[in-house]
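Below you'll find the structure, written out as structure tokens, and then a few comments.
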Amino acid sequence: MPVVDVVNLDGKKVGSVELADAVFGAEINKHLLHEASRWYQAGQRAGTHKVKEKSEVSGAGRKLWRQKGTGRARVGSIRSPLWRHGGTVHGPKPRDYSYALPKKMVIGALRSALSAKLADQKLTVVDTWSLDTHKSKALRGALGKLSVEKTALIVSHGENRNLELASRNLDGVKLSAPGALQPYDVLRHELIVLSKDAAARLGHSLDPEKKPIEVPHVETIAPAPAAKKEAAPKAAAKKPAAAKKPAKAAPKKGK
């Protein structure tokens, strides 16, 4: 596993940390980096371009002159695309440029980007982002002690209001959470500054061999003994049914 120094905001070494070899020491795949960068930039396009077609430009709909007999070319409308100030044919329309990219490709590109930064010694791990003020001047001074010359990507875990307010007004400095980190941002910035917690979370979330969470074994409980059924009370003796009397025969009619 690669071992890097942990520094404080004054640039002094306060310890060391082991980074996940599968995340920060992976093989660099340039094709994945290219595809992930194209995918991210395509999703950032606004796609609000629009031109006016023949039915949208200003102009009357009457026929300018008769079809035959004038010696001129036939024309049906002043809004024709062949004329000046006419409509535009097959021009751009509002559209969405984003497309889907497999999640495994994005994660693989992120591993390659982090590994490339570590190999170029452009990755720094700080102990914690404990700022006393939200002023940008304090953060700029801390970044200067961390050898940030041009651009820097700060990766911090958890809510840090002072860091958020101080970083948003600095040109070339971007703040990101470990769960929202993009390969394009890693490649675009010169130096990557990770907090110790963010490095640990990236090592766990991007590890391809991380073990799934196992459901703990639950011991079975023996079923409770069934309750004894109480004997039903004896029903009262039924009275014998009365014997039915024979029906009387109808009297015979005389002859």
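Labels for the structure tokens follow display order: chains A, B, ..., residues from 1 in each chain, ligands from 1.
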
- Query: Tell me, which residues of stretch 100-190 of chain A carry DSSP alpha helix (DSSP H), written as a ChimeraX atom specification?
  - Reply: /A:103-119,136-145,161-167,183-188

- Can you list, as a PyMOL selection string, every protein, DNA or RNA residue that comes within 9 Å of A:Gly172 when you count only C-alpha atoms, leaving out same-chain residues fewer than 4 positions away? chain A and resi 150-153+189

- Query: Could you pull the residues within 9 Å of A:Glu53, counting only C-alpha atoms, minus those fewer than 4 positions along the same chain, as a ChimeraX atom specification?
  - Reply: /A:57,79,81,86-91

Just all heavy atoms for this one: save the residues we selected as a PDB file, in the first residue's frame.
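Wrote it out as result-v9.pdb, contents follow:
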ATOM      1  N   VAL A  57     -39.398  33.725 -38.575  1.00  0.00           N
ATOM      2  CA  VAL A  57     -38.810  35.026 -38.871  1.00  0.00           C
ATOM      3  C   VAL A  57     -39.909  36.014 -39.262  1.00  0.00           C
ATOM      4  O   VAL A  57     -41.031  35.635 -39.619  1.00  0.00           O
ATOM      5  CB  VAL A  57     -37.758  34.923 -39.998  1.00  0.00           C
ATOM      6  CG1 VAL A  57     -36.598  34.068 -39.559  1.00  0.00           C
ATOM      7  CG2 VAL A  57     -38.389  34.368 -41.254  1.00  0.00           C
ATOM      8  N   ARG A  79     -39.755  35.167 -46.617  1.00  0.00           N
ATOM      9  CA  ARG A  79     -39.063  34.499 -45.506  1.00  0.00           C
ATOM     10  C   ARG A  79     -38.299  33.266 -45.960  1.00  0.00           C
ATOM     11  O   ARG A  79     -37.879  32.440 -45.142  1.00  0.00           O
ATOM     12  CB  ARG A  79     -40.079  34.097 -44.436  1.00  0.00           C
ATOM     13  CG  ARG A  79     -40.768  35.287 -43.799  1.00  0.00           C
ATOM     14  CD  ARG A  79     -41.814  34.866 -42.810  1.00  0.00           C
ATOM     15  NE  ARG A  79     -42.912  34.145 -43.442  1.00  0.00           N
ATOM     16  CZ  ARG A  79     -43.934  33.617 -42.788  1.00  0.00           C
ATOM     17  NH1 ARG A  79     -43.991  33.735 -41.469  1.00  0.00           N
ATOM     18  NH2 ARG A  79     -44.893  32.987 -43.423  1.00  0.00           N
ATOM     19  N   PRO A  81     -35.416  30.749 -47.002  1.00  0.00           N
ATOM     20  CA  PRO A  81     -34.021  30.641 -46.539  1.00  0.00           C
ATOM     21  C   PRO A  81     -33.006  31.144 -47.554  1.00  0.00           C
ATOM     22  O   PRO A  81     -31.865  31.435 -47.196  1.00  0.00           O
ATOM     23  CB  PRO A  81     -33.857  29.130 -46.305  1.00  0.00           C
ATOM     24  CG  PRO A  81     -35.238  28.613 -46.118  1.00  0.00           C
ATOM     25  CD  PRO A  81     -36.109  29.465 -46.976  1.00  0.00           C
ATOM     26  N   GLY A  86     -33.979  35.686 -44.104  1.00  0.00           N
ATOM     27  CA  GLY A  86     -34.904  34.567 -44.165  1.00  0.00           C
ATOM     28  C   GLY A  86     -34.615  33.558 -43.057  1.00  0.00           C
ATOM     29  O   GLY A  86     -33.714  33.731 -42.219  1.00  0.00           O
ATOM     30  N   GLY A  87     -35.401  32.510 -43.046  1.00  0.00           N
ATOM     31  CA  GLY A  87     -35.222  31.481 -42.028  1.00  0.00           C
ATOM     32  C   GLY A  87     -33.967  30.648 -42.263  1.00  0.00           C
ATOM     33  O   GLY A  87     -33.393  30.645 -43.354  1.00  0.00           O
ATOM     34  N   THR A  88     -33.549  29.952 -41.220  1.00  0.00           N
ATOM     35  CA  THR A  88     -32.372  29.087 -41.287  1.00  0.00           C
ATOM     36  C   THR A  88     -32.824  27.627 -41.374  1.00  0.00           C
ATOM     37  O   THR A  88     -33.710  27.204 -40.635  1.00  0.00           O
ATOM     38  CB  THR A  88     -31.477  29.272 -40.058  1.00  0.00           C
ATOM     39  OG1 THR A  88     -31.105  30.648 -39.963  1.00  0.00           O
ATOM     40  CG2 THR A  88     -30.229  28.416 -40.149  1.00  0.00           C
ATOM     41  N   VAL A  89     -32.201  26.895 -42.285  1.00  0.00           N
ATOM     42  CA  VAL A  89     -32.554  25.500 -42.494  1.00  0.00           C
ATOM     43  C   VAL A  89     -31.577  24.604 -41.734  1.00  0.00           C
ATOM     44  O   VAL A  89     -30.363  24.824 -41.765  1.00  0.00           O
ATOM     45  CB  VAL A  89     -32.535  25.152 -43.991  1.00  0.00           C
ATOM     46  CG1 VAL A  89     -32.961  23.704 -44.207  1.00  0.00           C
ATOM     47  CG2 VAL A  89     -33.443  26.089 -44.758  1.00  0.00           C
ATOM     48  N   HIS A  90     -32.103  23.609 -41.037  1.00  0.00           N
ATOM     49  CA  HIS A  90     -31.304  22.613 -40.324  1.00  0.00           C
ATOM     50  C   HIS A  90     -30.347  23.262 -39.312  1.00  0.00           C
ATOM     51  O   HIS A  90     -29.198  22.810 -39.144  1.00  0.00           O
ATOM     52  CB  HIS A  90     -30.503  21.746 -41.298  1.00  0.00           C
ATOM     53  CG  HIS A  90     -31.337  21.081 -42.338  1.00  0.00           C
ATOM     54  ND1 HIS A  90     -32.423  20.271 -42.029  1.00  0.00           N
ATOM     55  CD2 HIS A  90     -31.272  21.122 -43.702  1.00  0.00           C
ATOM     56  CE1 HIS A  90     -32.969  19.830 -43.147  1.00  0.00           C
ATOM     57  NE2 HIS A  90     -32.301  20.344 -44.184  1.00  0.00           N
ATOM     58  N   GLY A  91     -30.796  24.321 -38.678  1.00  0.00           N
ATOM     59  CA  GLY A  91     -29.973  24.972 -37.672  1.00  0.00           C
ATOM     60  C   GLY A  91     -30.074  24.275 -36.319  1.00  0.00           C
ATOM     61  O   GLY A  91     -30.879  23.360 -36.122  1.00  0.00           O
TER      62      GLY A  91
END

- Can you work out which one of A:His204, A:Lys54, A:Leu194, A:His31 has the shortest atom-to-atom distance to A:Leu82, counting only C-alpha atoms?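 Nearest candidate to A:Leu82 out of A:His204, A:Lys54, A:Leu194, A:His31: A:Lys54.
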
- Message: To one decimal place in Å, what is the distance between atom CA of A:Tyr99 and atom CA of A:Val51?
- Response: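 Atom CA of A:Tyr99 sits 23.7 Å away from atom CA of A:Val51.
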
- Item | Residues within 12 Å of A:Asp127, only C-alpha atoms, excluding chain neighbours under 3 positions, as an MDAnalysis selection string | chainID A and resid 4:17 124 130 156:157 193:200

- Report the distance between atom CA of A:Ser112 and atom CA of A:Gln44 in Å, rounded to one decimal place. 21.8 Å

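Nearest residue to A:Trp39, choosing from A:Lys137, A:Lys122, A:Ala109, A:Asn169 and counting only C-alpha atoms: A:Ala109.
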
- Task: Apply DSSP to the structure's backbone, then extract all residues of stretch 5-145 of chain A labelled strand (DSSP E or B) and return them as JSON, numbers by chain.
- Result: {"A": [5, 6, 7, 13, 14, 15, 16, 17, 18, 123, 124, 125, 126]}

- Which neighbours of stretch 115-120 of chain A fall inside 6 Å, counting only C-alpha atoms, when residues of the same chain fewer than 5 positions from it are skipped, and could you give them as a list in words?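 So, after excluding close chain neighbours, the residues are Phe24, Gly25 and Ala26 of chain A.
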
File dump, residues just selected, N, CA, C and O atoms, as a compact mmCIF listing (two decimals), in the first residue's frame:
# COMPACT_ATOMS: atom_id res chain seq x y z
N PHE A 24 -5.55 4.03 -5.05
CA PHE A 24 -4.51 5.03 -5.30
C PHE A 24 -3.27 4.45 -5.96
O PHE A 24 -2.34 5.19 -6.25
N GLY A 25 -3.25 3.15 -6.20
CA GLY A 25 -2.12 2.53 -6.89
C GLY A 25 -2.56 1.68 -8.05
O GLY A 25 -1.87 0.73 -8.43
N ALA A 26 -3.72 2.00 -8.63
CA ALA A 26 -4.26 1.21 -9.73
C ALA A 26 -3.56 1.55 -11.05
O ALA A 26 -2.87 2.57 -11.18
